[in-house]
file structure.txt (compact mmCIF, C-alpha atoms)
# COMPACT_ATOMS: atom_id res chain seq x y z
CA MET A 1 3.94 37.19 -19.09
CA ALA A 2 1.31 34.62 -20.11
CA ASN A 3 1.22 31.22 -18.42
CA ARG A 4 2.89 28.88 -20.91
CA LYS A 5 1.70 25.31 -21.25
CA LYS A 6 4.29 22.64 -20.58
CA VAL A 7 4.89 20.04 -23.29
CA ILE A 8 4.73 16.46 -21.99
CA GLY A 9 4.97 13.07 -23.64
CA ARG A 10 2.66 10.06 -23.65
CA GLU A 11 3.96 8.98 -20.27
CA VAL A 12 5.04 11.01 -17.27
CA ALA A 13 6.20 10.47 -13.71
CA VAL A 14 3.81 11.53 -10.95
CA ASP A 15 4.67 12.35 -7.32
CA PHE A 16 2.05 12.20 -4.57
CA ASP A 17 4.23 13.25 -1.67
CA LYS A 18 7.72 12.62 -0.37
CA GLU A 19 6.96 8.91 0.10
CA ILE A 20 5.35 8.11 -3.26
CA ARG A 21 7.49 9.45 -6.09
CA ASN A 22 8.16 8.80 -9.78
CA VAL A 23 5.05 6.72 -10.37
CA PRO A 24 4.63 6.07 -14.10
CA ALA A 25 1.44 7.46 -15.61
CA LYS A 26 -0.05 7.07 -19.06
CA VAL A 27 -1.18 10.32 -20.64
CA ASP A 28 -4.45 9.55 -22.42
CA THR A 29 -6.03 12.39 -24.37
CA GLY A 30 -8.86 10.00 -25.27
CA ALA A 31 -9.85 9.62 -21.63
CA ASP A 32 -12.04 12.28 -20.09
CA SER A 33 -10.91 11.81 -16.50
CA SER A 34 -7.88 10.58 -14.60
CA ALA A 35 -7.64 7.35 -12.62
CA VAL A 36 -5.31 5.95 -9.99
CA TRP A 37 -4.86 2.42 -8.70
CA ALA A 38 -6.47 2.20 -5.28
CA SER A 39 -7.23 -0.69 -2.94
CA ASP A 40 -9.21 -1.39 0.23
CA ILE A 41 -11.87 1.12 -0.84
CA PHE A 42 -14.91 1.42 1.42
CA VAL A 43 -17.29 3.95 2.98
CA ASP A 44 -17.83 3.63 6.73
CA PRO A 45 -21.11 4.26 8.64
CA GLU A 46 -19.98 7.87 9.29
CA HIS A 47 -19.92 8.47 5.50
CA VAL A 48 -16.13 8.63 5.29
CA LEU A 49 -14.40 7.16 2.24
CA HIS A 50 -11.32 5.05 3.03
CA PHE A 51 -8.73 3.92 0.47
CA LYS A 52 -5.06 3.07 0.01
CA LEU A 53 -3.11 4.21 -3.01
CA PHE A 54 -1.99 1.29 -5.16
CA GLY A 55 -2.20 -2.33 -4.07
CA LYS A 56 -0.03 -4.73 -2.10
CA GLY A 57 1.55 -6.00 -5.33
CA SER A 58 2.78 -2.53 -6.29
CA LYS A 59 6.21 -1.16 -5.43
CA TYR A 60 4.44 2.18 -4.79
CA TYR A 61 2.13 0.73 -2.12
CA THR A 62 2.78 2.18 1.35
CA GLY A 63 -0.22 0.79 3.22
CA ILE A 64 -1.16 4.31 4.32
CA GLU A 65 -4.92 4.67 4.58
CA HIS A 66 -6.37 7.87 3.16
CA THR A 67 -9.76 9.17 4.28
CA THR A 68 -12.05 11.89 3.04
CA ARG A 69 -15.62 13.11 3.26
CA ASP A 70 -15.14 15.06 0.03
CA PHE A 71 -15.82 12.46 -2.64
CA SER A 72 -18.24 11.69 -5.44
CA VAL A 73 -19.08 8.78 -7.69
CA ALA A 74 -19.16 8.46 -11.45
CA MET A 75 -20.29 5.82 -13.89
CA THR A 76 -17.30 5.26 -16.16
CA LYS A 77 -17.07 3.48 -19.47
CA SER A 78 -13.94 1.70 -20.65
CA SER A 79 -12.71 1.63 -24.22
CA LEU A 80 -14.23 -1.86 -24.40
CA GLY A 81 -17.65 -0.43 -23.50
CA GLU A 82 -17.72 -1.86 -19.96
CA THR A 83 -19.28 0.40 -17.33
CA ALA A 84 -18.27 0.63 -13.68
CA LEU A 85 -19.14 2.79 -10.72
CA LYS A 86 -16.04 4.51 -9.31
CA TYR A 87 -15.41 6.76 -6.35
CA ARG A 88 -13.72 10.04 -7.25
CA VAL A 89 -11.46 12.09 -4.98
CA LYS A 90 -9.27 15.15 -5.29
CA LEU A 91 -5.57 14.47 -4.78
CA CYS A 92 -2.51 16.71 -4.80
CA ILE A 93 0.18 15.60 -7.22
CA SER A 94 3.27 16.89 -8.90
CA LEU A 95 3.36 16.29 -12.65
CA ALA A 96 6.11 17.58 -14.97
CA GLY A 97 7.26 20.04 -12.33
CA ARG A 98 3.78 21.46 -11.66
CA LYS A 99 1.84 20.98 -8.45
CA LEU A 100 -1.82 20.21 -9.12
CA ARG A 101 -4.95 19.34 -7.21
CA THR A 102 -7.00 17.17 -9.53
CA THR A 103 -9.77 14.58 -9.48
CA PHE A 104 -8.98 10.89 -9.77
CA GLY A 105 -11.26 7.92 -10.13
CA LEU A 106 -10.24 5.14 -7.75
CA SER A 107 -9.96 1.75 -9.42
CA ASP A 108 -8.04 -1.50 -9.44
CA ARG A 109 -5.36 -0.96 -12.11
CA ALA A 110 -3.27 -3.99 -11.12
CA THR A 111 -3.52 -5.48 -14.61
CA HIS A 112 -2.76 -2.23 -16.44
CA ASN A 113 0.69 -1.24 -17.67
CA TYR A 114 0.39 2.05 -15.80
CA PRO A 115 -0.95 2.47 -12.25
CA ILE A 116 -2.10 6.01 -13.15
CA LEU A 117 -3.97 7.38 -16.14
CA ILE A 118 -3.96 11.13 -16.78
CA GLY A 119 -7.03 12.29 -18.72
CA ARG A 120 -8.12 15.44 -20.52
CA LYS A 121 -9.61 17.24 -17.52
CA THR A 122 -6.23 17.16 -15.78
CA LEU A 123 -4.34 18.14 -18.94
CA SER A 124 -6.62 20.89 -20.23
CA GLY A 125 -5.18 24.38 -19.98
CA ARG A 126 -1.99 23.10 -18.36
CA PHE A 127 -0.17 20.83 -20.80
CA ILE A 128 0.37 20.12 -24.48
CA VAL A 129 0.87 16.45 -25.29
CA ASP A 130 3.50 15.44 -27.84
CA VAL A 131 2.99 11.69 -28.34
CA SER A 132 6.44 11.34 -29.92
CA GLN A 133 7.97 12.11 -26.53
CA THR A 134 8.31 9.23 -24.09
CA GLU A 135 10.57 8.18 -21.28
CA TYR A 136 9.67 4.45 -21.33
CA LEU A 137 9.04 4.42 -17.63
CA VAL A 138 7.29 1.06 -17.81
CA LYS A 139 8.15 -2.24 -19.40
CA ARG A 140 4.93 -2.92 -21.26
CA LYS A 141 2.93 -6.08 -20.74
CA LYS A 142 2.36 -8.10 -23.87
CA ASN A 143 -1.16 -7.87 -25.28
CA THR A 144 -0.68 -10.93 -27.47
CA PRO A 145 -0.08 -14.35 -25.87
CA LEU A 146 3.24 -15.95 -26.73
CA GLY A 147 3.12 -17.99 -29.93
CA LEU A 148 -0.19 -16.58 -31.17
CA ASN A 149 1.32 -14.87 -34.21
CA GLU A 150 3.42 -17.94 -34.97
CA LYS A 151 0.23 -20.09 -34.99
CA MET A 152 -1.47 -17.62 -37.29
CA GLN A 153 1.47 -17.51 -39.72
CA LYS A 154 1.70 -21.31 -39.90
CA ASN A 155 -1.88 -21.67 -41.20
CA PRO A 156 -3.87 -18.41 -41.39
CA TYR A 157 -7.10 -20.08 -42.55
CA LYS A 158 -7.05 -22.70 -39.79
CA PHE A 159 -6.25 -19.94 -37.27
CA TYR A 160 -9.21 -17.91 -38.56
CA LYS A 161 -11.58 -20.86 -38.29
CA GLU A 162 -10.45 -21.72 -34.73
CA ASN A 163 -10.49 -18.19 -33.38
CA TYR A 164 -13.26 -16.42 -35.28
CA LEU A 165 -15.63 -19.17 -36.34
CA ASN A 166 -15.25 -21.39 -33.25
CA GLY A 167 -14.11 -24.28 -35.47
CA GLU A 168 -17.12 -24.01 -37.81
CA ASP A 169 -16.73 -24.01 -41.59
CA ALA A 170 -17.06 -20.71 -43.37

call {"tool": "encode", "arguments": {"input": "structure.txt", "output": "structure tokens"}}
result
Amino acid sequence: MANRKKVIGREVAVDFDKEIRNVPAKVDTGADSSAVWASDIFVDPEHVLHFKLFGKGSKYYTGIEHTTRDFSVAMTKSSLGETALKYRVKLCISLAGRKLRTTFGLSDRATHNYPILIGRKTLSGRFIVDVSQTEYLVKRKKNTPLGLNEKMQKNPYKFYKENYLNGEDA
């Protein structure tokens, strides 16, 4: 019987081991690679990469230091066009009932809604993404500051001048 691809939604829960379970992850078919929130990242004089999964502000943070000599680096580009150099490591995870060994870029995702991003390389050949499916694992952070839309609705032209023209006349 052929290996059937599992259908997943736009967010999934990821397990790393018995101690780190049900971590919310955003499934991003627009992202090439996967990323995980990591902290205290450094390479020692013996060429060993050290890191901790998540950060002290995360409920998933255990403080356990992970080490590996099997790592690489990649220059990544965000959707905003910003580039950053990131260390990449292979990690074993469980995603939608499947155990996988996949590559993750290590980065500070403290300000993101999701501490993990699952990209195309992890999904390809294994999963089909149905964006209408979601579990709402995360309460989303607001992208728009409170009151911004109210200001705009009160006087759209004044709002435009203040925010797009820096107060200058059109």

call {"tool": "closest_residue", "arguments": {"input": "structure.txt", "among": "A:Glu150, A:Asp15, A:Asp70, A:Asp108", "to": "Gly55 (chain A)", "atoms": "only C-alpha atoms"}}
result
A:Asp108

call {"tool": "residues_around", "arguments": {"input": "structure.txt", "residues": "Tyr114 (chain A)", "least_positions_apart": "2", "cutoff": "12 Å", "atoms": "only C-alpha atoms", "output": "JSON, numbers by chain"}}
result
{"A": [10, 11, 12, 13, 14, 22, 23, 24, 25, 26, 27, 28, 34, 35, 36, 37, 54, 58, 60, 108, 109, 110, 111, 112, 116, 117, 118, 136, 137, 138, 139, 140, 141]}

call {"tool": "atom_distance", "arguments": {"input": "structure.txt", "atom1": "CA of Leu53 (chain A)", "atom2": "CA of Val129 (chain A)"}}
result
25.7 Å

call {"tool": "axis_aligned_box", "arguments": {"input": "structure.txt", "around": "region 88-92 of chain A", "padding_each_side": "5 Å", "output": "lines of an AutoDock Vina configuration file"}}
result
center_x = -8.1
center_y = 13.4
center_z = -6.0
size_x = 21.2
size_y = 16.7
size_z = 12.5

call {"tool": "atom_distance", "arguments": {"input": "structure.txt", "atom1": "CA of Lys52 (chain A)", "atom2": "CA of Thr122 (chain A)"}}
result
21.2 Å

call {"tool": "closest_residue", "arguments": {"input": "structure.txt", "among": "A:Gln133, A:Ser107, A:Thr83, A:Ser94", "to": "Asp40 (chain A)", "atoms": "all atoms listed in the file"}}
result
A:Ser107

call {"tool": "residues_around", "arguments": {"input": "structure.txt", "residues": "Thr102 (chain A)", "least_positions_apart": "2", "cutoff": "12 Å", "atoms": "only C-alpha atoms", "output": "list in words"}}
result
Phe16, Ser33, Ser34, Ala35, Val36, Arg88, Val89, Lys90, Leu91, Cys92, Ile93, Ser94, Leu95, Arg98, Lys99, Leu100, Phe104, Gly105, Ile118, Gly119, Arg120, Lys121, Thr122, Leu123, Ser124 and Arg126 of chain A
